[in-house]
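Colleague: First the structure, then my questions, so here it is.
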There are 2 protein chains.
Amino acid sequence: MIYSRSSEYAIRAFVHLAHATDAKYVMVKQIAEQEDIPAHFLAKILQQLARKGLLRSSKGPTGGFCLRQPAEDITLFSIVEALDGMTDYEKCISGLAECNDEAPCGMHDSWKDLRLRILDYLEGTSIADLAKALDEKRKLLEKPKKPRKTVAAKKN
Amino acid sequence: MIYSRSSEYAIRAFVHLAHATDAKYVMVKQIAEQEDIPAHFLAKILQQLARKGLLRSSKGPTGGFCLRQPAEDITLFSIVEALDGMTDYEKCISGLAECNDEAPCGMHDSWKDLRLRILDYLEGTSIADLAKALDEKRKLLEKPKKPRKTVAAKKN
DNA sequence: AGGATATAGGAGTATTTTATCCAGTTCGAT
DNA sequence: ATCGAACTGGATAAAATACTCCTATATCCT
């Protein structure tokens with residue numbers, strides 16, 4: 001709800017690509033299957049991001065997509081901005097077009113603070129951050145110290 | 001983007017109602033005009049909120065809507081929850097259904113922190129807060145110490 | 001060179017959100 | 001009692017978002 005579903009898909013795809021460290025191209029189909037994202041839809045999204053310069057693409061066999069910059073340099077902000085735009089964040093949350101720092105709007109100041117935090121989050125989080133966090137979580141789950149029989153009661 | 005347009009309209013309508021201090025009913029049409037909200041659409045929204053117990057409604061002449069509780073007791077959260085639901089906030093931002101505090105998801109922890117802030121904002125801000133902030137802003141604008149000729153260059 | 005493969009891109013469909021309209025019901029006022 | 005005002009609720013429409021399909025184009029591989 002901070003960003004669209006398109007952006008969500010893109011972010012997940014980027015994290016996936018960040019794991020393909022050897023800078024090889026990865027097929028949309030492969031990403032879509034492993035990340036459980038509608039393939040055709042994801043293709044569209046990645047095409048957009050390739051046009052915007054965030055991805056590199058190649059056609060034909062051995063083709064696919066790969067990150068154009070190191071994962072450390074790609075922020076969530078750059079992805080969300082490219083797909084959703086930032087107009088929602090630029091206007092006042094109350095929807096009053098006339099509202100600015102001087103004009104009246106009850107929500108203005110408190111929202112400004114929260115918006116800043118959201119933008120900080122988007123600008124301060126890179127694909128590399130997410131990829132690393134994901135790796136660490138996976139490692140923790142791979143070697144459970146005290147495995148309890150089977151993976152039975154899987155709480156959702 | 002934190003909440004839907006419906007919620008935005010509702011919040012503005014509630015702030016409007018909070019100003020009708022004498023607990024009288026206010027017509028949808030009147031709110032819609034003054035707040036510049038599509039009247040029929042707003043009617044639907046207020047009906048929903050009346051059904052959920054956040055508003056009191058009355059038909060016929062002298063009828064309309066009024067707050068059911070004091071504005072201090074109505075949080076943004078209660079409105080947004082009633083209209084949008086909180087399912088978006090309950091699930092992991094990455095869209096992974098399987099993701100929970102133990103399961104792997106790169107975004108989980110950082111998002112958890114931000115989500116908490118957003119919910120704090122929604123739960124910690126009441127309609128009375130917004131109404132008061134709006135009043136204060138208006139007062140500041142009403143009596144400019146040094147009025148400069150006319151209100152000419154009205155910057156958007 | 002030519003066939004297989006993967007992205008590019010346009011067009012089309014489905015679903016959700018936003019917005020409108022109208023007939024029905026309730027209630028106040030004359 | 002009756003009329004009109006205002007909410008109620010269902011049906012409809014428009015717009016935005018999410019998703020699918022098909023053809024073209026570029027590239028690798030034999």
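Ordered as shown in the structure tokens, chains take letters A, B, and onward, while each chain numbers its residues from 1 and ligands are numbered from 1 in the order shown.
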Excluding Leu119 of chain A and residues on its chain fewer than 4 positions from it, collect all residues at most 8 Å away from it, counting only C-alpha atoms (C1' of nucleotides), and give them as a ChimeraX atom specification.
Modeller: /A:77,115,123
Colleague: Now that the selection is made, can you save its residues with C-alpha atoms as a compact mmCIF listing (two decimals), in the first residue's frame?
Modeller:
# COMPACT_ATOMS: atom_id res chain seq x y z
CA PHE A 77 12.70 4.56 -4.30
CA ARG A 115 5.76 10.93 4.62
CA GLU A 123 15.47 5.83 -0.33
Colleague: Using only C-alpha atoms (C1' of nucleotides), which chain C residues lie at most 7 Å away from chain B, written as a PDB file with N, CA and C atoms (P, O5', C5', C4', C3', O3' and C1' of nucleotides), in the first residue's frame?
Modeller:
ATOM      1  P    DA C  19     -13.771   9.597  -7.048  1.00  0.00           P
ATOM      2  O5'  DA C  19     -15.168   9.488  -7.778  1.00  0.00           O
ATOM      3  C5'  DA C  19     -15.215   9.521  -9.187  1.00  0.00           C
ATOM      4  C4'  DA C  19     -16.624   9.244  -9.674  1.00  0.00           C
ATOM      5  C3'  DA C  19     -17.723  10.137  -9.065  1.00  0.00           C
ATOM      6  O3'  DA C  19     -18.241  10.963 -10.097  1.00  0.00           O
ATOM      7  C1'  DA C  19     -18.412   7.866  -9.267  1.00  0.00           C
ATOM      8  P    DT C  20     -19.444  11.966  -9.785  1.00  0.00           P
ATOM      9  O5'  DT C  20     -20.696  11.153 -10.328  1.00  0.00           O
ATOM     10  C5'  DT C  20     -20.689  10.659 -11.655  1.00  0.00           C
ATOM     11  C4'  DT C  20     -21.986   9.934 -11.951  1.00  0.00           C
ATOM     12  C3'  DT C  20     -23.262  10.711 -11.598  1.00  0.00           C
ATOM     13  O3'  DT C  20     -24.035  10.851 -12.779  1.00  0.00           O
ATOM     14  C1'  DT C  20     -23.391   8.477 -10.836  1.00  0.00           C
ATOM     15  P    DT C  26     -39.542   2.634   6.291  1.00  0.00           P
ATOM     16  O5'  DT C  26     -39.055   3.951   7.044  1.00  0.00           O
ATOM     17  C5'  DT C  26     -37.657   4.188   7.189  1.00  0.00           C
ATOM     18  C4'  DT C  26     -37.424   5.648   7.506  1.00  0.00           C
ATOM     19  C3'  DT C  26     -38.340   6.201   8.599  1.00  0.00           C
ATOM     20  O3'  DT C  26     -37.530   6.816   9.577  1.00  0.00           O
ATOM     21  C1'  DT C  26     -38.311   7.637   6.722  1.00  0.00           C
ATOM     22  P    DC C  27     -38.107   7.084  11.063  1.00  0.00           P
ATOM     23  O5'  DC C  27     -38.225   8.670  11.090  1.00  0.00           O
ATOM     24  C5'  DC C  27     -37.097   9.445  10.702  1.00  0.00           C
ATOM     25  C4'  DC C  27     -37.551  10.822  10.305  1.00  0.00           C
ATOM     26  C3'  DC C  27     -38.541  11.462  11.285  1.00  0.00           C
ATOM     27  O3'  DC C  27     -38.007  12.683  11.739  1.00  0.00           O
ATOM     28  C1'  DC C  27     -39.241  11.730   9.031  1.00  0.00           C
ATOM     29  P    DG C  28     -38.631  13.426  13.074  1.00  0.00           P
ATOM     30  O5'  DG C  28     -38.772  14.927  12.552  1.00  0.00           O
ATOM     31  C5'  DG C  28     -37.683  15.523  11.865  1.00  0.00           C
ATOM     32  C4'  DG C  28     -38.171  16.674  11.016  1.00  0.00           C
ATOM     33  C3'  DG C  28     -39.071  17.662  11.747  1.00  0.00           C
ATOM     34  O3'  DG C  28     -38.690  18.981  11.387  1.00  0.00           O
ATOM     35  C1'  DG C  28     -40.214  16.770   9.865  1.00  0.00           C
TER      36       DG C  28
END
Colleague: From the DSSP assignment of the backbone, select every residue of segment 3-152 of chain A that is strand (DSSP E or B), and format the answer as a PyMOL selection string.
Modeller: chain A and resi 26+55-58+64-67+75+126
Colleague: Between atom CA of Ala20 of chain A and atom CA of Glu72 of chain A, what is the spacing in Å?
Modeller: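 For atom CA of Glu72 of chain A relative to atom CA of Ala20 of chain A, the distance reads 14.0 Å.
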Colleague: Please provide as a list in words all residues within 12 Å of DA11 of chain C, with the sequence filter that same-chain residues fewer than 4 positions apart are discarded (counting only C-alpha atoms (C1' of nucleotides)).
Modeller: DT20, DC21, DC22 and DT23 of chain D
Colleague: Once you have the residues from the selection above, write them out as a PDB file, in the first residue's frame, restricted to N, CA and C atoms (P, O5', C5', C4', C3', O3' and C1' of nucleotides).
Modeller:
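See again28.pdb below for the written result:
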ATOM      1  P    DT D  20      -2.428 -13.451 -15.794  1.00  0.00           P
ATOM      2  O5'  DT D  20      -2.862 -13.187 -17.307  1.00  0.00           O
ATOM      3  C5'  DT D  20      -4.240 -13.213 -17.662  1.00  0.00           C
ATOM      4  C4'  DT D  20      -4.386 -13.139 -19.176  1.00  0.00           C
ATOM      5  C3'  DT D  20      -3.509 -14.115 -19.972  1.00  0.00           C
ATOM      6  O3'  DT D  20      -4.353 -14.828 -20.864  1.00  0.00           O
ATOM      7  C1'  DT D  20      -3.298 -11.914 -20.825  1.00  0.00           C
ATOM      8  P    DC D  21      -3.749 -16.045 -21.722  1.00  0.00           P
ATOM      9  O5'  DC D  21      -3.603 -15.404 -23.180  1.00  0.00           O
ATOM     10  C5'  DC D  21      -4.647 -14.559 -23.674  1.00  0.00           C
ATOM     11  C4'  DC D  21      -4.251 -13.953 -25.014  1.00  0.00           C
ATOM     12  C3'  DC D  21      -3.365 -14.855 -25.888  1.00  0.00           C
ATOM     13  O3'  DC D  21      -3.853 -14.806 -27.219  1.00  0.00           O
ATOM     14  C1'  DC D  21      -2.382 -12.721 -25.641  1.00  0.00           C
ATOM     15  P    DC D  22      -3.352 -15.917 -28.269  1.00  0.00           P
ATOM     16  O5'  DC D  22      -2.902 -15.021 -29.504  1.00  0.00           O
ATOM     17  C5'  DC D  22      -3.490 -13.724 -29.695  1.00  0.00           C
ATOM     18  C4'  DC D  22      -2.555 -12.855 -30.509  1.00  0.00           C
ATOM     19  C3'  DC D  22      -1.626 -13.636 -31.441  1.00  0.00           C
ATOM     20  O3'  DC D  22      -1.575 -13.012 -32.713  1.00  0.00           O
ATOM     21  C1'  DC D  22      -0.357 -12.217 -30.068  1.00  0.00           C
ATOM     22  P    DT D  23      -0.932 -13.837 -33.959  1.00  0.00           P
ATOM     23  O5'  DT D  23       0.108 -12.781 -34.556  1.00  0.00           O
ATOM     24  C5'  DT D  23      -0.280 -11.404 -34.679  1.00  0.00           C
ATOM     25  C4'  DT D  23       0.952 -10.529 -34.647  1.00  0.00           C
ATOM     26  C3'  DT D  23       2.083 -10.991 -35.587  1.00  0.00           C
ATOM     27  O3'  DT D  23       2.527  -9.874 -36.344  1.00  0.00           O
ATOM     28  C1'  DT D  23       2.922 -10.615 -33.423  1.00  0.00           C
TER      29       DT D  23
END
Colleague: Contacts between chain A and chain D, please, where a residue of chain D counts if it comes within 9 Å (with only C-alpha atoms (C1' of nucleotides)); show its shortest atom pair and distance in Å to one decimal, rows by chain and ascending number, as a Markdown table.
Modeller:
| residue | atom | partner | partner_atom | distance |
| --- | --- | --- | --- | --- |
| D:DT17 | C1' | A:Ser4 | CA | 8.9 |
| D:DA18 | C1' | A:Phe41 | CA | 8.2 |
| D:DC19 | C1' | A:Phe41 | CA | 6.1 |
| D:DT20 | C1' | A:His40 | CA | 6.9 |
| D:DC21 | C1' | A:His40 | CA | 8.9 |
| D:DT25 | C1' | A:Lys59 | CA | 8.9 |
| D:DA26 | C1' | A:Lys59 | CA | 5.8 |
| D:DT27 | C1' | A:Gly60 | CA | 4.4 |
| D:DC28 | C1' | A:Pro61 | CA | 5.3 |
| D:DC29 | C1' | A:Pro61 | CA | 8.4 |
Colleague: Work out how far atom CA of Arg138 of chain B is from atom CA of Asp36 of chain B, in Å to one decimal.
Modeller: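 Spanning atom CA of Asp36 of chain B to atom CA of Arg138 of chain B is a straight-line distance of 17.8 Å.
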Colleague: Check the smallest atom-to-atom distance from each of A:Tyr25, A:Phe65, A:Trp111, A:Phe14 to chain B using only C-alpha atoms, then report the winner.
Modeller: A:Trp111
Colleague: Out of A:Leu83, A:Leu17, A:Leu67, A:Ile37, which residue has the shortest atom-to-atom distance to chain B when counting only C-alpha atoms?
Modeller: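 Checking each of A:Leu83, A:Leu17, A:Leu67, A:Ile37 against chain B, counting only C-alpha atoms, the winner is A:Ile37.
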Colleague: Need the shell around Ile11 of chain A: protein/DNA/RNA residues with any atom at most 12 Å away, counting only C-alpha atoms (C1' of nucleotides). Skip same-chain ones fewer than 2 positions apart. Format as a VMD selection string?
Modeller: (chain A and resid 3 to 9 13 to 18 31 35 37 42 45 to 46 49 54 67 71 74 to 83 122 125 to 131) or (chain B and resid 93 to 95 106 to 107)
Colleague: Rounded to one decimal place, report the atom C1' of DT17 of chain C-atom CA of Asp84 of chain A distance in Å.
Modeller: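 According to the coordinates, atom C1' of DT17 of chain C and atom CA of Asp84 of chain A are separated by 16.7 Å.
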Colleague: So that I can check the surroundings of segment 10-13 of chain D, please list as a list in words every protein, DNA and RNA residue that reaches within 12 Å of it, counting only C-alpha atoms (C1' of nucleotides) and ignoring chain neighbours fewer than 5 positions away.
Modeller: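 Once the nearby chain positions are removed, what remains is Lys44 of chain B; DT18, DA19, DT20, DC21, DC22, DA23 and DG24 of chain C.
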Colleague: When you count only C-alpha atoms, which of these residues is closest to chain B: A:Asp88, A:Lys29, A:Asp113, A:Gly124?
Modeller: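 Closest residue, counting only C-alpha atoms: A:Asp88.
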Colleague: Just checking: using only C-alpha atoms, which residue out of B:Lys112, B:Arg68, B:Lys132, B:Lys52 ends up closest to chain A?
Modeller: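 Closest to chain A, using only C-alpha atoms: B:Lys132.
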Colleague: Run DSSP on the backbone and tell me which residues of segment 47-122 of chain B come out as alpha helix (DSSP H); list them as a PyMOL selection string.
Modeller: chain B and resi 47-51+76-84+87-90+108-122
